[in-house]
Amino acid sequence: MKKFISIISSAAIAAGMVSAINVNAADTAEGPSVYFKVSDEGVGVETLKYGTIFVNTKANGSYGAAFPCAVYLKDDSKKAGQVFVKWSTNNKNLKLSGLTGPVELYGSTPFKGFGAEDMNLNTFDELNVMAVNYSKISSEKPMELNGETTDAYPLACFDAKFADGAEGGSYALQVYSEGAYFSGVVERNGDGTFKEYDPADYSKPLLINASDRNLGDINNDGKWDSVDVSGIMKEYTKVSSGQDGIFDGNQRAAADINGDGMIDAVDASNLLAYYAYISGNKGNSSLNDFVKNRK
Ligand SMILES: [Ca+2]
Ligand SMILES: [Ca+2]
C-alpha cells in the first residue's frame with residue numbers, strides 16, 4: 001500500500017500537481033466549526049446521553065412553547081477576522097424566531113469591540129434562515145476575544161418552536177451555506193494574508209427528536225414497561241434484517257432513548273433496566289437521567 005501511494009505521489013509531482021495536492025491536504029484539516037446548544041430547562045425538552053435533544057411536543061399543551069437556542073463558533077486558531085454564519089433547520093416545521101445578540105443572556109459577545117448591537121443580525125423568514133455577522137473588514141488582524149476561546153460566548157441567541165401539526169421524527173439545526181446565503185470564516189494571519197473557510201464543511205448538525213409522547217413510552221399509554229421494550233426489539237429486528245420498520249416518526253423519536261441516532265438493543269436494554277428500577281419502587285429518576293447515569 002505504501003509503495004502504491006509513493007508511486008502516485010511521484011507521478012503527481014512529475015505532472016506538476018504538487019500545489020493541487022497541498023490544497024487537498026488543507027481541505028481535510030480541521031477548520032472553524034459552528035455548533036448549537038438548546039436549553040433543556042423547558043417542560044418536555046431533554047438533552048439525551050449522546051447530545052441529541054428530545055422534545056415531547058405535547059408535554060405542555062399542544063406543540064408547547066418555543067425553546068431557547070444559541071449558536072457558537074469553535075475556532076481553535078483564534079485567527080477569525082470576519083465571521084458570517086447562517087443556520088436553519090432541515091424542516092420548516094421547526095421554526096426559528098427571536099434572533100438576538102448574546103449580551104443580554106450571556107453577558108458578552110465572543111469578540112472585543114462588539115457590544116449588544118454591533119453585530120449584524122438577520123432573519124430570512126421565507127427560508128427559515130438566520131444570520132449573524134461579526135466583521136472588522138478594515139483590519140488585517142484577527143479579532144480579539146472576550147474570553148479564552150471563540151465559544152466562551154455564543155455568536156447569537158434565538159428560539160426554535162415546532163409548528164402546530166409538525167410530525168414526529170428527527171429534525172436538525174444546521175449551518176446554512178447555499179448560493180447567496182453562504183457562511184464563511186475569514187482567518188487573518190496579521191500580515192495581510194488570509195484564508196476563508198466555510199464552516200459548513202466542518203460542522204455537525206444538532207439532532208432534535210420530536211415525539212408526541214414521553215421518551216421510551218412507545219405505545220403512549222403513560223407507562224414504561226415490557227410492552228415498550230419488546231416494541232423496540234421488534235423494530236430493531238426488522239430494520240437490522242433489512243425490512244421496513246413498523247414505527248411511525250413519533251415512535252422512532254421515543255425509541256432512540258440514548259440519542260445516538262439508532263434504535264437498537266442498547267435502547268431496549270436501557271428501557272428494560274429502567275422498568276426494573278421503577279417497578280421496584282426504588283427511585284424516581286426520569287428515564288433520561290437514569291440512562292445518563294447508567295454505567
Ligand atoms: Ca408504554
Ligand atoms: Ca439509540
# chains A, B, ... in the order shown; residues from 1 in each chain; ligands from 1
call {"tool": "select_by_dssp", "arguments": {"residues": "range 160-194 of chain A", "states": "strand (DSSP E or B)", "output": "PyMOL selection string"}}
result
chain A and resi 160-162+169-175+178+181+184-188+194
call {"tool": "write_last_selection", "arguments": {"atoms": "C-alpha atoms", "output": "PDB file, in the first residue's frame"}}
result
ATOM      1  CA  ALA A 160     -36.991  27.271  17.995  1.00  0.00           C
ATOM      2  CA  LYS A 161     -40.542  26.015  18.064  1.00  0.00           C
ATOM      3  CA  PHE A 162     -42.406  23.170  16.439  1.00  0.00           C
ATOM      4  CA  GLY A 169     -39.340  12.374  13.818  1.00  0.00           C
ATOM      5  CA  SER A 170     -35.792  13.595  13.606  1.00  0.00           C
ATOM      6  CA  TYR A 171     -35.125  17.278  12.968  1.00  0.00           C
ATOM      7  CA  ALA A 172     -31.826  19.152  12.861  1.00  0.00           C
ATOM      8  CA  LEU A 173     -30.330  22.582  13.475  1.00  0.00           C
ATOM      9  CA  GLN A 174     -27.533  23.084  10.963  1.00  0.00           C
ATOM     10  CA  VAL A 175     -25.231  25.576   9.307  1.00  0.00           C
ATOM     11  CA  GLU A 178     -26.046  27.856  -0.109  1.00  0.00           C
ATOM     12  CA  TYR A 181     -26.778  32.734   1.592  1.00  0.00           C
ATOM     13  CA  GLY A 184     -17.754  31.907   5.992  1.00  0.00           C
ATOM     14  CA  VAL A 185     -14.965  32.478   8.450  1.00  0.00           C
ATOM     15  CA  VAL A 186     -12.017  34.554   7.260  1.00  0.00           C
ATOM     16  CA  GLU A 187      -8.869  33.719   9.197  1.00  0.00           C
ATOM     17  CA  ARG A 188      -6.301  36.508   9.111  1.00  0.00           C
ATOM     18  CA  PHE A 194      -5.869  35.312   4.944  1.00  0.00           C
TER      19      PHE A 194
END
call {"tool": "closest_atom_pairs", "arguments": {"of": "chain A", "to": "ligand 2", "cutoff": "10 Å", "atoms": "only C-alpha atoms and all ligand atoms", "output": "JSON lines"}}
result
{"residue": "A:Leu48", "atom": "CA", "partner": "ligand 2", "partner_atom_place_in_ligand_line": "1 (Ca)", "distance": 9.7}
{"residue": "A:Lys49", "atom": "CA", "partner": "ligand 2", "partner_atom_place_in_ligand_line": "1 (Ca)", "distance": 9.4}
{"residue": "A:Tyr50", "atom": "CA", "partner": "ligand 2", "partner_atom_place_in_ligand_line": "1 (Ca)", "distance": 8.8}
{"residue": "A:Arg252", "atom": "CA", "partner": "ligand 2", "partner_atom_place_in_ligand_line": "1 (Ca)", "distance": 9.8}
{"residue": "A:Ala253", "atom": "CA", "partner": "ligand 2", "partner_atom_place_in_ligand_line": "1 (Ca)", "distance": 9.6}
{"residue": "A:Ala254", "atom": "CA", "partner": "ligand 2", "partner_atom_place_in_ligand_line": "1 (Ca)", "distance": 9.8}
{"residue": "A:Ala255", "atom": "CA", "partner": "ligand 2", "partner_atom_place_in_ligand_line": "1 (Ca)", "distance": 7.2}
{"residue": "A:Asp256", "atom": "CA", "partner": "ligand 2", "partner_atom_place_in_ligand_line": "1 (Ca)", "distance": 4.0}
{"residue": "A:Ile257", "atom": "CA", "partner": "ligand 2", "partner_atom_place_in_ligand_line": "1 (Ca)", "distance": 5.4}
{"residue": "A:Asn258", "atom": "CA", "partner": "ligand 2", "partner_atom_place_in_ligand_line": "1 (Ca)", "distance": 4.8}
{"residue": "A:Gly259", "atom": "CA", "partner": "ligand 2", "partner_atom_place_in_ligand_line": "1 (Ca)", "distance": 5.2}
{"residue": "A:Asp260", "atom": "CA", "partner": "ligand 2", "partner_atom_place_in_ligand_line": "1 (Ca)", "distance": 4.7}
{"residue": "A:Gly261", "atom": "CA", "partner": "ligand 2", "partner_atom_place_in_ligand_line": "1 (Ca)", "distance": 5.6}
{"residue": "A:Met262", "atom": "CA", "partner": "ligand 2", "partner_atom_place_in_ligand_line": "1 (Ca)", "distance": 4.2}
{"residue": "A:Ile263", "atom": "CA", "partner": "ligand 2", "partner_atom_place_in_ligand_line": "1 (Ca)", "distance": 4.5}
{"residue": "A:Asp264", "atom": "CA", "partner": "ligand 2", "partner_atom_place_in_ligand_line": "1 (Ca)", "distance": 5.9}
{"residue": "A:Ala265", "atom": "CA", "partner": "ligand 2", "partner_atom_place_in_ligand_line": "1 (Ca)", "distance": 8.2}
{"residue": "A:Val266", "atom": "CA", "partner": "ligand 2", "partner_atom_place_in_ligand_line": "1 (Ca)", "distance": 6.4}
{"residue": "A:Asp267", "atom": "CA", "partner": "ligand 2", "partner_atom_place_in_ligand_line": "1 (Ca)", "distance": 5.2}
{"residue": "A:Ala268", "atom": "CA", "partner": "ligand 2", "partner_atom_place_in_ligand_line": "1 (Ca)", "distance": 8.7}
{"residue": "A:Asn270", "atom": "CA", "partner": "ligand 2", "partner_atom_place_in_ligand_line": "1 (Ca)", "distance": 9.5}
call {"tool": "select_by_dssp", "arguments": {"residues": "range 61-247 of chain A", "states": "helix (DSSP H, G or I)", "output": "PyMOL selection string"}}
result
chain A and resi 103-106+199-201+226-240
call {"tool": "residues_around", "arguments": {"residues": "Asp151 in chain A", "least_positions_apart": "3", "cutoff": "10 Å", "atoms": "only C-alpha atoms", "output": "list in words"}}
result
Val34, Tyr35, Val71, Tyr72, Leu73, Lys74, Asp75, Asp76, Thr109, Pro110, Phe111, Leu145, Asn146, Gly147, Glu148, Pro154 and Leu155 of chain A
call {"tool": "atom_distance", "arguments": {"atom1": "CA of Thr193 in chain A", "atom2": "CA of Val83 in chain A"}}
result
16.2 Å
call {"tool": "residues_near_ligand", "arguments": {"ligand": "ligand 1", "cutoff": "7 Å", "atoms": "only C-alpha atoms and all ligand atoms", "output": "list in words"}}
result
Asp217, Ile218, Asn219, Asn220, Asp221, Gly222, Lys223, Trp224, Asp225, Val227 and Asp228 of chain A
